[in-house]
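Participant: Dropping a structure here in structure tokens format, bear with me for questions.
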Amino acid sequence: MTTFLNRLFRLRRDAWEMLASVLIALGVVMLMQPLSLSLYSYSFLVTLVGTVMFIVVSHFPE
């Protein structure tokens, strides 16, 4: 866990890409769940933030 946080603070691509991918997956799960309308309402925003984050992070150094 500490190596993951160190990679986040050093702005390395691999850790940020993983975080962006988790956000995208979380947004899709929030979109497909049938239980909570508030989770469904925020699902597009979470997916959009993850997608934009992935695009920006793809320009970070290895």
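Identifiers for the structure tokens are assigned positionally: chains receive A, B, ... in sequence, residues are indexed from 1 per chain, and ligands are indexed from 1 in the order shown.
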So which bits of chain A end up helix (DSSP H, G or I) when you DSSP the backbone, as a ChimeraX atom specification?
Facilitator: /A:2-9,13-32,37-57
Participant: Write out as an NGL selection string the residues lying within 8 Å of range 5-12 of chain A, counting only C-alpha atoms and excluding same-chain residues fewer than 6 positions away.
Facilitator: :A and (60-62)
Participant: Enter the distance from CA of Val28 in chain A to CA of Tyr40 in chain A, in Å, rounded to one decimal.
Facilitator: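 Result for CA of Val28 in chain A versus CA of Tyr40 in chain A: 9.4 Å, one decimal.
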Participant: Between A:Leu39, A:Arg13, A:Pro34, A:Thr2, which has the minimum distance to Ser58 in chain A (counting only C-alpha atoms)?
Facilitator: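 Comparing A:Leu39, A:Arg13, A:Pro34, A:Thr2 against Ser58 in chain A, the winner is A:Arg13.
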Participant: Do a neighbour search on Val29 in chain A at 12 Å with only C-alpha atoms, toss out local chain neighbours closer than 6 positions, and write the hits as a PyMOL selection string.
Facilitator: chain A and resi 22-23+35-36+39-40+42-44+46-47
Participant: Could you please take those selected residues and save N, CA, C and O atoms as a PDB file, in the first residue's frame?
Facilitator:
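The resulting file, out36.pdb, is shown below:
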ATOM      1  N   VAL A  22     -10.120   2.028 -11.945  1.00  0.00           N
ATOM      2  CA  VAL A  22     -11.036   1.679 -10.854  1.00  0.00           C
ATOM      3  C   VAL A  22     -12.221   2.639 -10.836  1.00  0.00           C
ATOM      4  O   VAL A  22     -13.361   2.223 -10.629  1.00  0.00           O
ATOM      5  N   LEU A  23     -11.971   3.915 -11.062  1.00  0.00           N
ATOM      6  CA  LEU A  23     -13.074   4.884 -11.112  1.00  0.00           C
ATOM      7  C   LEU A  23     -14.026   4.581 -12.261  1.00  0.00           C
ATOM      8  O   LEU A  23     -15.252   4.674 -12.110  1.00  0.00           O
ATOM      9  N   LEU A  35     -30.506  -0.637  -7.048  1.00  0.00           N
ATOM     10  CA  LEU A  35     -30.963  -0.372  -5.692  1.00  0.00           C
ATOM     11  C   LEU A  35     -31.087   1.104  -5.331  1.00  0.00           C
ATOM     12  O   LEU A  35     -32.024   1.491  -4.648  1.00  0.00           O
ATOM     13  N   SER A  36     -30.166   1.918  -5.751  1.00  0.00           N
ATOM     14  CA  SER A  36     -30.113   3.290  -5.268  1.00  0.00           C
ATOM     15  C   SER A  36     -30.150   4.273  -6.437  1.00  0.00           C
ATOM     16  O   SER A  36     -29.296   4.224  -7.333  1.00  0.00           O
ATOM     17  N   LEU A  39     -26.916   6.647  -6.368  1.00  0.00           N
ATOM     18  CA  LEU A  39     -25.732   6.053  -6.992  1.00  0.00           C
ATOM     19  C   LEU A  39     -25.838   6.100  -8.508  1.00  0.00           C
ATOM     20  O   LEU A  39     -24.874   6.407  -9.209  1.00  0.00           O
ATOM     21  N   TYR A  40     -27.017   5.827  -9.015  1.00  0.00           N
ATOM     22  CA  TYR A  40     -27.250   5.890 -10.462  1.00  0.00           C
ATOM     23  C   TYR A  40     -27.051   7.317 -10.971  1.00  0.00           C
ATOM     24  O   TYR A  40     -26.499   7.530 -12.044  1.00  0.00           O
ATOM     25  N   TYR A  42     -25.065   9.662  -9.846  1.00  0.00           N
ATOM     26  CA  TYR A  42     -23.661  10.056  -9.870  1.00  0.00           C
ATOM     27  C   TYR A  42     -22.789   9.145 -10.733  1.00  0.00           C
ATOM     28  O   TYR A  42     -21.590   9.401 -10.887  1.00  0.00           O
ATOM     29  N   SER A  43     -23.344   8.118 -11.313  1.00  0.00           N
ATOM     30  CA  SER A  43     -22.538   7.163 -12.064  1.00  0.00           C
ATOM     31  C   SER A  43     -21.904   7.790 -13.299  1.00  0.00           C
ATOM     32  O   SER A  43     -20.744   7.524 -13.609  1.00  0.00           O
ATOM     33  N   PHE A  44     -22.643   8.633 -14.005  1.00  0.00           N
ATOM     34  CA  PHE A  44     -22.072   9.263 -15.197  1.00  0.00           C
ATOM     35  C   PHE A  44     -20.917  10.173 -14.824  1.00  0.00           C
ATOM     36  O   PHE A  44     -19.888  10.195 -15.507  1.00  0.00           O
ATOM     37  N   VAL A  46     -18.907   9.953 -12.200  1.00  0.00           N
ATOM     38  CA  VAL A  46     -17.756   9.145 -11.790  1.00  0.00           C
ATOM     39  C   VAL A  46     -17.065   8.540 -13.010  1.00  0.00           C
ATOM     40  O   VAL A  46     -15.827   8.552 -13.116  1.00  0.00           O
ATOM     41  N   THR A  47     -17.845   8.042 -13.958  1.00  0.00           N
ATOM     42  CA  THR A  47     -17.267   7.476 -15.177  1.00  0.00           C
ATOM     43  C   THR A  47     -16.554   8.548 -15.993  1.00  0.00           C
ATOM     44  O   THR A  47     -15.462   8.313 -16.528  1.00  0.00           O
TER      45      THR A  47
END
Participant: Go ahead and compute the interatomic distance for CA of Val52 in chain A and CA of Ala15 in chain A, in Å to one decimal.
Facilitator: 15.4 Å
Participant: Can you work out the spacing between CA of Ile24 in chain A and CA of Gly50 in chain A in Å, to one decimal?
Facilitator: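 Atom-to-atom, CA of Ile24 in chain A to CA of Gly50 in chain A, that is 5.0 Å.
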